[in-house]
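Structure file work-v1.cif (mmCIF, C-alpha atoms) follows.
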```cif
data_coords
#
loop_
_atom_site.label_atom_id
_atom_site.label_comp_id
_atom_site.auth_asym_id
_atom_site.auth_seq_id
_atom_site.Cartn_x
_atom_site.Cartn_y
_atom_site.Cartn_z
CA MET K 22 -21.93 -23.17 25.83
CA LYS K 23 -21.84 -22.33 22.10
CA ILE K 24 -24.64 -19.79 22.49
CA TYR K 25 -22.81 -18.16 25.41
CA LEU K 26 -19.55 -18.03 23.41
CA MET K 27 -21.27 -16.48 20.40
CA ALA K 28 -23.10 -13.92 22.59
CA THR K 29 -19.80 -13.03 24.26
CA LEU K 30 -18.05 -12.62 20.91
CA ILE K 31 -20.86 -10.47 19.52
CA THR K 32 -20.73 -8.24 22.60
CA LEU K 33 -16.94 -7.94 22.44
CA THR K 34 -16.84 -7.22 18.72
CA SER K 35 -19.56 -4.61 18.84
CA ASN K 36 -17.23 -2.52 21.02
CA SER K 37 -14.28 -3.01 18.70
CA SER K 38 -13.06 -1.59 15.41
CA TYR K 39 -12.24 -5.14 14.25
CA ALA K 40 -14.73 -6.98 12.03
CA ASN K 41 -14.75 -10.50 13.46
CA GLU K 42 -15.96 -12.79 10.71
CA ILE K 43 -15.95 -16.55 11.22
CA TYR K 44 -14.17 -18.33 8.40
CA ARG K 45 -13.87 -21.78 9.98
CA HIS K 46 -16.11 -23.38 12.59
CA PRO K 47 -15.06 -26.04 15.11
CA ALA K 48 -14.86 -29.51 13.59
CA SER K 49 -13.83 -33.02 14.45
CA GLY K 50 -10.11 -32.96 15.22
CA ASP K 51 -9.99 -29.14 15.59
CA SER K 52 -12.23 -27.58 18.22
CA GLY K 53 -11.03 -24.02 17.52
CA THR K 54 -13.10 -21.27 15.94
CA TYR K 55 -11.29 -19.09 13.40
CA TYR K 56 -11.99 -15.39 12.79
CA VAL K 57 -10.83 -12.69 10.39
CA LEU K 58 -10.18 -9.58 12.50
CA SER K 59 -8.88 -7.26 9.80
CA ASN K 60 -8.42 -7.44 6.05
CA GLU K 61 -6.32 -4.81 4.26
CA LYS K 62 -5.72 -4.60 0.51
CA LEU K 63 -1.99 -4.22 -0.28
CA ASN K 64 -2.33 -4.44 -4.07
CA SER K 65 -4.66 -6.00 -6.64
CA SER K 66 -3.92 -9.60 -5.58
CA VAL K 67 -2.34 -9.40 -2.10
CA ARG K 68 -4.10 -8.71 1.19
CA LYS K 69 -2.78 -8.42 4.76
CA VAL K 70 -5.03 -10.26 7.18
CA LEU K 71 -5.14 -10.55 10.97
CA THR K 72 -6.83 -13.70 12.22
CA SER K 73 -7.61 -15.31 15.55
CA ARG K 74 -8.22 -18.87 16.65
CA VAL K 75 -10.22 -19.27 19.83
CA GLY K 76 -9.39 -22.57 21.50
CA LYS K 77 -11.77 -25.06 23.08
CA ASN K 78 -13.77 -23.58 25.96
CA SER K 79 -12.16 -20.19 25.20
CA GLU K 80 -9.03 -21.28 27.09
CA TYR K 81 -6.74 -19.30 24.78
CA THR K 82 -6.70 -17.14 21.66
CA ASP K 83 -3.99 -17.38 18.99
CA PHE K 84 -3.43 -14.43 16.65
CA THR K 85 -1.75 -14.66 13.25
CA GLU K 86 -0.99 -11.94 10.73
CA VAL K 87 -0.49 -13.16 7.15
CA LYS K 88 -0.28 -11.94 3.61
CA VAL K 89 -2.66 -13.72 1.26
CA ASN K 90 -1.99 -13.84 -2.49
CA CYS K 91 -5.29 -14.49 -4.26
CA LEU K 92 -3.62 -14.85 -7.66
CA SER K 93 -1.20 -17.62 -6.64
CA ASN K 94 -3.33 -19.09 -3.79
CA GLN K 95 -0.45 -18.80 -1.32
CA TYR K 96 0.09 -17.24 2.09
CA PHE K 97 3.04 -15.70 3.94
CA GLU K 98 3.07 -15.66 7.76
CA LEU K 99 4.12 -12.27 9.11
CA ALA K 100 3.62 -12.50 12.89
CA GLY K 101 1.71 -14.15 15.69
CA SER K 102 1.04 -14.51 19.40
CA SER K 103 -0.94 -16.54 21.90
CA GLU K 104 -2.89 -15.17 24.85
CA ASP K 105 -4.80 -16.75 27.72
CA GLY K 106 -8.57 -16.72 27.59
CA LEU K 107 -10.94 -15.25 25.04
CA GLN K 108 -9.52 -12.09 23.41
CA ASN K 109 -11.21 -10.18 20.59
CA LYS K 110 -7.96 -8.42 19.59
CA PRO K 111 -4.28 -8.77 20.51
CA THR K 112 -3.33 -7.12 23.79
CA LYS K 113 0.41 -7.57 23.27
CA ILE K 114 2.77 -7.06 20.35
CA LEU K 115 2.82 -9.92 17.83
CA THR K 116 6.11 -11.78 17.41
CA ASP K 117 7.65 -11.14 13.97
CA TRP K 118 7.92 -14.37 11.95
CA SER K 119 8.57 -12.76 8.57
CA LYS K 120 12.33 -13.41 8.46
CA LYS K 121 11.74 -17.17 8.81
CA SER K 122 8.69 -17.27 6.56
CA LYS K 123 8.16 -17.89 2.86
CA TRP K 124 5.22 -17.99 0.46
CA VAL K 125 3.48 -21.32 1.08
CA PRO K 126 1.12 -23.17 -1.27
CA LEU K 127 -2.21 -24.28 0.19
CA VAL K 128 -2.99 -27.70 1.60
CA THR K 129 -6.63 -28.59 0.94
CA GLY K 130 -8.60 -28.85 4.18
CA SER K 131 -6.17 -26.83 6.30
CA SER K 132 -7.19 -23.71 8.21
CA LYS K 133 -4.99 -21.58 5.91
CA TYR K 134 -6.75 -23.11 2.88
CA ASP K 135 -10.09 -22.05 4.37
CA LEU K 136 -8.69 -18.58 5.15
CA VAL K 137 -7.38 -17.97 1.63
CA GLN K 138 -10.61 -19.22 0.07
CA PHE K 139 -12.64 -16.95 2.35
CA ILE K 140 -10.49 -13.85 1.79
CA CYS K 141 -10.19 -14.25 -1.96
CA LYS K 142 -13.88 -15.01 -2.43
CA ASN K 143 -14.89 -11.94 -0.39
CA LYS K 144 -12.31 -9.46 -1.71
#
```
Represent the structure contained in this file as structure tokens.
Amino acid sequence: MKIYLMATLITLTSNSSYANEIYRHPASGDSGTYYVLSNEKLNSSVRKVLTSRVGKNSEYTDFTEVKVNCLSNQYFELAGSSEDGLQNKPTKILTDWSKKSKWVPLVTGSSKYDLVQFICKNK
């Protein structure tokens, strides 16, 4: 199943302008696979990132857009959505979360921790 999922993702991403990079693999307690779909530099320490989380057996795909501050090791959730099945990019408009969001410090071991580490290491 994993080989089929990876082959499907490679096929889908090769036809897309998004650069799907895995930043967190499935693990005990979290069977989702996490991808960076886009990564835009806003200034010297802040990046805007679109991510996806593909759920177990590709039943759904969650999308989240965040700002990542590499200097302060914090993130700010901008928007998100959830869609049925495996999607390599959002097919509907993301819901704006920015008015209810704030800069959040990292929790070691969380998916956002892994995201910030990945983005800031590869900037």
query = What does the PyMOL selection byres ((chain K and resi 42) around 6) select in this file, as a count of residues only?
reply = 4
query = Looking at K:Lys110, K:Lys133, K:Lys142, K:Lys120, which one is nearest to Asp83 in chain K, with distances taken over only C-alpha atoms?
reply = K:Lys110
task = Record the distance separating CA of His46 in chain K and CA of Trp118 in chain K, expressed in Å with one decimal.
result = 25.7 Å
Minimum-distance residue to Asn94 in chain K, chosen among K:Ser66, K:Asn143, K:Thr72, K:Ser132 (using only C-alpha atoms) =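 For Asn94 in chain K, the nearest of the candidates is K:Ser66.
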request  = Go ahead and compute the interatomic distance for CA of Lys121 in chain K and CA of Cys141 in chain K, in Å to one decimal.
outcome  =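 Interatomic distance, CA of Lys121 in chain K to CA of Cys141 in chain K: 24.6 Å.
CA of Asp117 in chain K to CA of Val70 in chain K spans 14.4 Å [interatomic distance, one decimal].
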inquiry  = At a cut-off of 8 Å, using all atoms listed in the file, what residues contact Trp124 in chain K? Leave out same-chain residues fewer than 5 positions from it and give the result as a VMD selection string.
reply    = chain K and resid 95 to 98
ask   = In terms of the shortest atom-to-atom distance over all atoms listed in the file, which of K:Val89, K:Leu127, K:Ile140, K:Ile114 is closest to Val67 in chain K?
value =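 Closest to Val67 in chain K of all the choices is K:Val89.
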Is it possible to get the residues within 7 Å of (0.9, -10.3, 8.8) (coordinates as in the file, counting all atoms listed in the file) written as a short mmCIF file (atom, residue, chain, number, x, y, z; two decimals) with C-alpha atoms, in the coordinates of the input?
```
data_model
loop_
_atom_site.label_atom_id
_atom_site.label_comp_id
_atom_site.auth_asym_id
_atom_site.auth_seq_id
_atom_site.Cartn_x
_atom_site.Cartn_y
_atom_site.Cartn_z
CA LYS K 69 -2.78 -8.42 4.76
CA VAL K 70 -5.03 -10.26 7.18
CA LEU K 71 -5.14 -10.55 10.97
CA THR K 85 -1.75 -14.66 13.25
CA GLU K 86 -0.99 -11.94 10.73
CA VAL K 87 -0.49 -13.16 7.15
CA LYS K 88 -0.28 -11.94 3.61
CA GLU K 98 3.07 -15.66 7.76
CA LEU K 99 4.12 -12.27 9.11
CA ALA K 100 3.62 -12.50 12.89
#
```
ask   = Which one is closest to Leu92 in chain K: K:Arg45, K:Arg68, K:Lys113, K:Lys77? Count only C-alpha atoms.
value =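 Under the stated criterion, the closest residue is K:Arg68.
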inquiry  = Ranking K:Thr112, K:Ser79, K:Asn60, K:Ser73 by minimum distance to Phe139 in chain K and counting all atoms listed in the file, which one comes first?
reply    =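 Closest residue, counting all atoms listed in the file: K:Asn60.
Closest approach to Ala48 in chain K among K:Glu104, K:Gly76, K:Asn90, K:Pro111: K:Gly76, based on all atoms listed in the file.
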